Amino acid sequence: MKRIKTEVNGPEFSQFIAGYWRLMEWNMTPQQRLTFLKQHVELGITTCDHADIYGNYECEAAFGEALKLDPSMRDSIEIVSKCGIRLPSAPSGDIALPHYNTTTDYIVSQAEQSLKNLHTDHLDLLLIHRPDPLMNVDDIAEAFSRLKQDGKVKHVGVSNFTTSQFDLLQSRLDYPLATNQLEISPVNMAALHDGSLDQMQQHRIAPMAWSCLSGGSLFNGQDEKSKRLRAELEIIAAEVGAEGIDQIVYAWVLALPSKPLPIIGSGKIERVRQAIRSADITLTRQQWFRIWVASNGHNVP
């Protein structure tokens, strides 16, 4: 599998990333979690995507429990985590409604909690999970600097930030943000047209792509858009000899010139194997745009 630097001085990640946000739904024992981790590492997927809130604050600890069974595996993987969202299920028990918190002390405390949960002494990449209307970028910069200076975080970045929010935070840092994790799929193509991916290409930053399969709606959605997309994806899959429409979607994402790194959210190793074989599929420009047209319901302007 290809190894890709997200930014010239940023971390080097596997081209595909293992997403652990549904880990608690996989109903695995700690040993089964460790086995799954080893299996996808053997396939070349060494980068693992987490967030403090995943699984109502349980996923990181469940992953860390597995990693603790074989601490040597830490040297074979890169761990990404995110913070900045607070949910009523927070262990503190003092949250009345979901909201954002990007203050210095909160970012630092959540990163340190992630380290404890994951049984590691550092994160390879820490992201601000979502832009906060109340965020003071000087506070975020201070938190990032503290964590980097203490060796607790190697690289920093953002998730779901607009181009202006990305530039605003970057203006306060004397080192580059490593990535912007964005929703990228044939169902949601906002990042293709709102300047987000243009910005990533401009700065030669590889974005991380979440929800490429739109939470499964491409397989079972009954709205007209999902039906159009599914039908076109199935036709193209037959044309190129793909094993499933998921491979066509990943090939479509990989074709973007900003070189996104798709996050695979499945806990089934065979689905993971099938997904990464999409790297061997090259869509023609017309096939790529047929998917664009199926999503929008009209031809290009």
# chains A, B, ... in the order shown; residues from 1 in each chain; ligands from 1
>>> residues_around(residues="A:Leu125", least_positions_apart="4", cutoff="9 Å", atoms="only C-alpha atoms", output="VMD selection string")
chain A and resid 11 78 to 82 153 to 157 178
>>> write_last_selection(atoms="N, CA and C atoms", output="PDB file, in the first residue's frame")
ATOM      1  N   PRO A  11       2.830  14.020   8.996  1.00  0.00           N
ATOM      2  CA  PRO A  11       2.969  12.582   9.241  1.00  0.00           C
ATOM      3  C   PRO A  11       2.819  11.782   7.948  1.00  0.00           C
ATOM      4  N   GLU A  78      -0.022   4.416  13.350  1.00  0.00           N
ATOM      5  CA  GLU A  78      -0.154   5.846  13.615  1.00  0.00           C
ATOM      6  C   GLU A  78      -1.564   6.067  14.168  1.00  0.00           C
ATOM      7  N   ILE A  79      -1.648   6.815  15.250  1.00  0.00           N
ATOM      8  CA  ILE A  79      -2.943   7.064  15.883  1.00  0.00           C
ATOM      9  C   ILE A  79      -3.350   8.522  15.702  1.00  0.00           C
ATOM     10  N   VAL A  80      -4.549   8.696  15.150  1.00  0.00           N
ATOM     11  CA  VAL A  80      -5.162  10.017  14.988  1.00  0.00           C
ATOM     12  C   VAL A  80      -6.318  10.116  15.979  1.00  0.00           C
ATOM     13  N   SER A  81      -6.449  11.247  16.644  1.00  0.00           N
ATOM     14  CA  SER A  81      -7.637  11.454  17.460  1.00  0.00           C
ATOM     15  C   SER A  81      -8.107  12.893  17.308  1.00  0.00           C
ATOM     16  N   LYS A  82      -9.315  13.129  17.790  1.00  0.00           N
ATOM     17  CA  LYS A  82      -9.955  14.435  17.646  1.00  0.00           C
ATOM     18  C   LYS A  82     -10.593  14.839  18.974  1.00  0.00           C
ATOM     19  N   VAL A 153       1.834  15.185  21.391  1.00  0.00           N
ATOM     20  CA  VAL A 153       1.228  15.209  20.055  1.00  0.00           C
ATOM     21  C   VAL A 153       2.326  15.560  19.051  1.00  0.00           C
ATOM     22  N   LYS A 154       2.439  14.760  17.995  1.00  0.00           N
ATOM     23  CA  LYS A 154       3.483  15.019  17.003  1.00  0.00           C
ATOM     24  C   LYS A 154       3.046  16.032  15.950  1.00  0.00           C
ATOM     25  N   HIS A 155       1.806  15.912  15.494  1.00  0.00           N
ATOM     26  CA  HIS A 155       1.295  16.801  14.451  1.00  0.00           C
ATOM     27  C   HIS A 155      -0.129  17.217  14.802  1.00  0.00           C
ATOM     28  N   VAL A 156      -0.568  18.325  14.217  1.00  0.00           N
ATOM     29  CA  VAL A 156      -1.906  18.842  14.504  1.00  0.00           C
ATOM     30  C   VAL A 156      -2.616  19.196  13.209  1.00  0.00           C
ATOM     31  N   GLY A 157      -3.940  19.211  13.286  1.00  0.00           N
ATOM     32  CA  GLY A 157      -4.733  19.563  12.115  1.00  0.00           C
ATOM     33  C   GLY A 157      -6.151  19.850  12.530  1.00  0.00           C
ATOM     34  N   ALA A 178      -1.509  19.802   9.455  1.00  0.00           N
ATOM     35  CA  ALA A 178      -1.170  18.605   8.692  1.00  0.00           C
ATOM     36  C   ALA A 178      -2.264  18.158   7.744  1.00  0.00           C
TER      37      ALA A 178
END
>>> residues_around(residues="stretch 159-168 of chain A", least_positions_apart="3", cutoff="10 Å", atoms="only C-alpha atoms", output="number ranges by chain")
A: 82-83, 126-132, 135-138, 171-173, 177, 179-183, 191, 194-200, 207-210
>>> select_by_dssp(residues="stretch 79-231 of chain A", states="alpha helix (DSSP H)", output="compact mmCIF listing (two decimals) with N, CA and C atoms, in the first residue's frame")
# COMPACT_ATOMS: atom_id res chain seq x y z
N THR A 104 -8.14 26.35 25.55
CA THR A 104 -6.81 25.76 25.70
C THR A 104 -6.82 24.58 26.67
N ASP A 105 -7.32 24.82 27.87
CA ASP A 105 -7.27 23.78 28.89
C ASP A 105 -8.08 22.56 28.50
N TYR A 106 -9.21 22.77 27.83
CA TYR A 106 -10.05 21.62 27.45
C TYR A 106 -9.35 20.78 26.40
N ILE A 107 -8.77 21.41 25.39
CA ILE A 107 -8.06 20.65 24.36
C ILE A 107 -6.93 19.84 24.98
N VAL A 108 -6.15 20.47 25.84
CA VAL A 108 -5.03 19.77 26.47
C VAL A 108 -5.53 18.61 27.32
N SER A 109 -6.56 18.84 28.11
CA SER A 109 -7.06 17.79 29.00
C SER A 109 -7.63 16.62 28.21
N GLN A 110 -8.33 16.90 27.12
CA GLN A 110 -8.90 15.82 26.31
C GLN A 110 -7.81 15.04 25.58
N ALA A 111 -6.79 15.70 25.10
CA ALA A 111 -5.67 15.00 24.47
C ALA A 111 -4.98 14.08 25.48
N GLU A 112 -4.80 14.59 26.68
CA GLU A 112 -4.16 13.78 27.72
C GLU A 112 -5.05 12.59 28.11
N GLN A 113 -6.37 12.80 28.12
CA GLN A 113 -7.28 11.70 28.41
C GLN A 113 -7.23 10.65 27.29
N SER A 114 -7.12 11.10 26.05
CA SER A 114 -7.00 10.17 24.93
C SER A 114 -5.74 9.32 25.07
N LEU A 115 -4.65 9.93 25.51
CA LEU A 115 -3.41 9.17 25.71
C LEU A 115 -3.63 8.06 26.73
N LYS A 116 -4.32 8.39 27.82
CA LYS A 116 -4.59 7.38 28.85
C LYS A 116 -5.48 6.28 28.30
N ASN A 117 -6.54 6.68 27.59
CA ASN A 117 -7.48 5.69 27.06
C ASN A 117 -6.81 4.75 26.07
N LEU A 118 -5.94 5.30 25.25
CA LEU A 118 -5.32 4.53 24.16
C LEU A 118 -4.05 3.79 24.60
N VAL A 137 -8.74 31.31 18.13
CA VAL A 137 -7.66 30.51 17.55
C VAL A 137 -6.35 30.66 18.32
N ASP A 138 -6.21 31.74 19.07
CA ASP A 138 -5.02 31.87 19.92
C ASP A 138 -5.03 30.80 21.01
N ASP A 139 -6.23 30.48 21.52
CA ASP A 139 -6.36 29.40 22.51
C ASP A 139 -5.96 28.05 21.91
N ILE A 140 -6.44 27.78 20.70
CA ILE A 140 -6.11 26.51 20.05
C ILE A 140 -4.61 26.44 19.79
N ALA A 141 -4.04 27.53 19.31
CA ALA A 141 -2.60 27.56 19.03
C ALA A 141 -1.80 27.29 20.30
N GLU A 142 -2.25 27.87 21.41
CA GLU A 142 -1.56 27.65 22.68
C GLU A 142 -1.64 26.19 23.10
N ALA A 143 -2.81 25.58 22.95
CA ALA A 143 -2.97 24.17 23.30
C ALA A 143 -2.08 23.29 22.42
N PHE A 144 -2.09 23.55 21.13
CA PHE A 144 -1.26 22.77 20.20
C PHE A 144 0.22 22.89 20.58
N SER A 145 0.65 24.11 20.86
CA SER A 145 2.06 24.32 21.19
C SER A 145 2.46 23.59 22.46
N ARG A 146 1.61 23.64 23.47
CA ARG A 146 1.90 22.93 24.72
C ARG A 146 2.04 21.43 24.47
N LEU A 147 1.09 20.88 23.75
CA LEU A 147 1.08 19.43 23.51
C LEU A 147 2.27 19.00 22.66
N LYS A 148 2.63 19.80 21.68
CA LYS A 148 3.78 19.46 20.84
C LYS A 148 5.09 19.58 21.63
N GLN A 149 5.20 20.65 22.42
CA GLN A 149 6.42 20.84 23.20
C GLN A 149 6.62 19.73 24.22
N THR A 163 -12.51 26.83 4.48
CA THR A 163 -11.22 27.37 4.05
C THR A 163 -10.80 28.58 4.89
N SER A 164 -11.76 29.45 5.22
CA SER A 164 -11.41 30.63 6.02
C SER A 164 -11.04 30.24 7.45
N GLN A 165 -11.72 29.25 8.01
CA GLN A 165 -11.39 28.80 9.37
C GLN A 165 -10.01 28.14 9.38
N PHE A 166 -9.71 27.37 8.34
CA PHE A 166 -8.39 26.75 8.22
C PHE A 166 -7.31 27.83 8.17
N ASP A 167 -7.51 28.84 7.31
CA ASP A 167 -6.52 29.91 7.18
C ASP A 167 -6.39 30.71 8.47
N LEU A 168 -7.51 30.92 9.15
CA LEU A 168 -7.48 31.69 10.41
C LEU A 168 -6.61 31.00 11.44
N LEU A 169 -6.81 29.71 11.63
CA LEU A 169 -5.99 28.98 12.60
C LEU A 169 -4.54 28.92 12.14
N GLN A 170 -4.33 28.67 10.85
CA GLN A 170 -2.96 28.59 10.35
C GLN A 170 -2.19 29.90 10.58
N ALA A 190 -19.88 18.54 -1.28
CA ALA A 190 -19.67 19.95 -0.92
C ALA A 190 -18.20 20.33 -0.96
N ALA A 191 -17.34 19.45 -0.45
CA ALA A 191 -15.90 19.78 -0.38
C ALA A 191 -15.28 19.94 -1.76
N LEU A 192 -15.92 19.36 -2.79
CA LEU A 192 -15.40 19.48 -4.15
C LEU A 192 -15.68 20.85 -4.74
N HIS A 193 -16.69 21.55 -4.19
CA HIS A 193 -17.15 22.78 -4.82
C HIS A 193 -17.09 24.01 -3.91
N SER A 196 -12.75 23.71 -0.37
CA SER A 196 -11.98 22.96 0.62
C SER A 196 -10.89 22.11 -0.02
N LEU A 197 -11.25 21.35 -1.06
CA LEU A 197 -10.24 20.51 -1.71
C LEU A 197 -9.30 21.33 -2.58
N ASP A 198 -9.77 22.46 -3.09
CA ASP A 198 -8.87 23.36 -3.81
C ASP A 198 -7.76 23.85 -2.87
N GLN A 199 -8.16 24.19 -1.65
CA GLN A 199 -7.19 24.67 -0.67
C GLN A 199 -6.17 23.59 -0.34
N MET A 200 -6.65 22.35 -0.17
CA MET A 200 -5.74 21.26 0.13
C MET A 200 -4.74 21.06 -1.01
N GLN A 201 -5.24 21.13 -2.24
CA GLN A 201 -4.34 20.97 -3.39
C GLN A 201 -3.36 22.14 -3.48
N GLN A 202 -3.86 23.34 -3.20
CA GLN A 202 -2.99 24.52 -3.25
C GLN A 202 -1.79 24.38 -2.32
N SER A 217 -25.82 4.61 3.12
CA SER A 217 -27.01 5.00 2.36
C SER A 217 -26.89 4.65 0.88
N LEU A 218 -25.64 4.55 0.39
CA LEU A 218 -25.46 4.18 -1.01
C LEU A 218 -25.96 2.76 -1.28
N PHE A 219 -25.95 1.92 -0.25
CA PHE A 219 -26.37 0.53 -0.41
C PHE A 219 -27.87 0.34 -0.21
N ASN A 220 -28.46 1.15 0.67
CA ASN A 220 -29.86 0.89 1.01
C ASN A 220 -30.77 2.11 1.01
N GLU A 224 -34.46 9.33 -4.11
CA GLU A 224 -34.16 9.30 -5.55
C GLU A 224 -32.66 9.43 -5.84
N LYS A 225 -31.99 10.27 -5.08
CA LYS A 225 -30.55 10.46 -5.29
C LYS A 225 -29.79 9.17 -5.04
N SER A 226 -30.08 8.49 -3.94
CA SER A 226 -29.40 7.23 -3.63
C SER A 226 -29.68 6.18 -4.70
N LYS A 227 -30.92 6.13 -5.17
CA LYS A 227 -31.27 5.15 -6.20
C LYS A 227 -30.52 5.43 -7.50
N ARG A 228 -30.44 6.70 -7.91
CA ARG A 228 -29.71 7.06 -9.12
C ARG A 228 -28.25 6.67 -9.01
N LEU A 229 -27.66 7.03 -7.87
CA LEU A 229 -26.25 6.73 -7.66
C LEU A 229 -25.99 5.23 -7.65
N ARG A 230 -26.80 4.51 -6.91
CA ARG A 230 -26.61 3.06 -6.81
C ARG A 230 -26.67 2.40 -8.20
N ALA A 231 -27.64 2.81 -9.00
CA ALA A 231 -27.79 2.24 -10.33
C ALA A 231 -26.55 2.52 -11.19
>>> closest_residue(among="A:Ile205, A:Ile264, A:Ile17, A:Ile269", to="A:Thr35", atoms="only C-alpha atoms")
A:Ile269
>>> residues_around(residues="stretch 19-22 of chain A", least_positions_apart="3", cutoff="12 Å", atoms="only C-alpha atoms", output="count of residues only")
48
>>> atom_distance(atom1="atom CA of A:His119", atom2="atom CA of A:Lys68")
6.6 Å
>>> atom_distance(atom1="atom CA of A:Pro260", atom2="atom CA of A:Gln15")
8.2 Å
>>> closest_residue(among="A:Ser89, A:Asn101, A:Ser295, A:Thr120", to="A:Met189", atoms="only C-alpha atoms")
A:Ser295
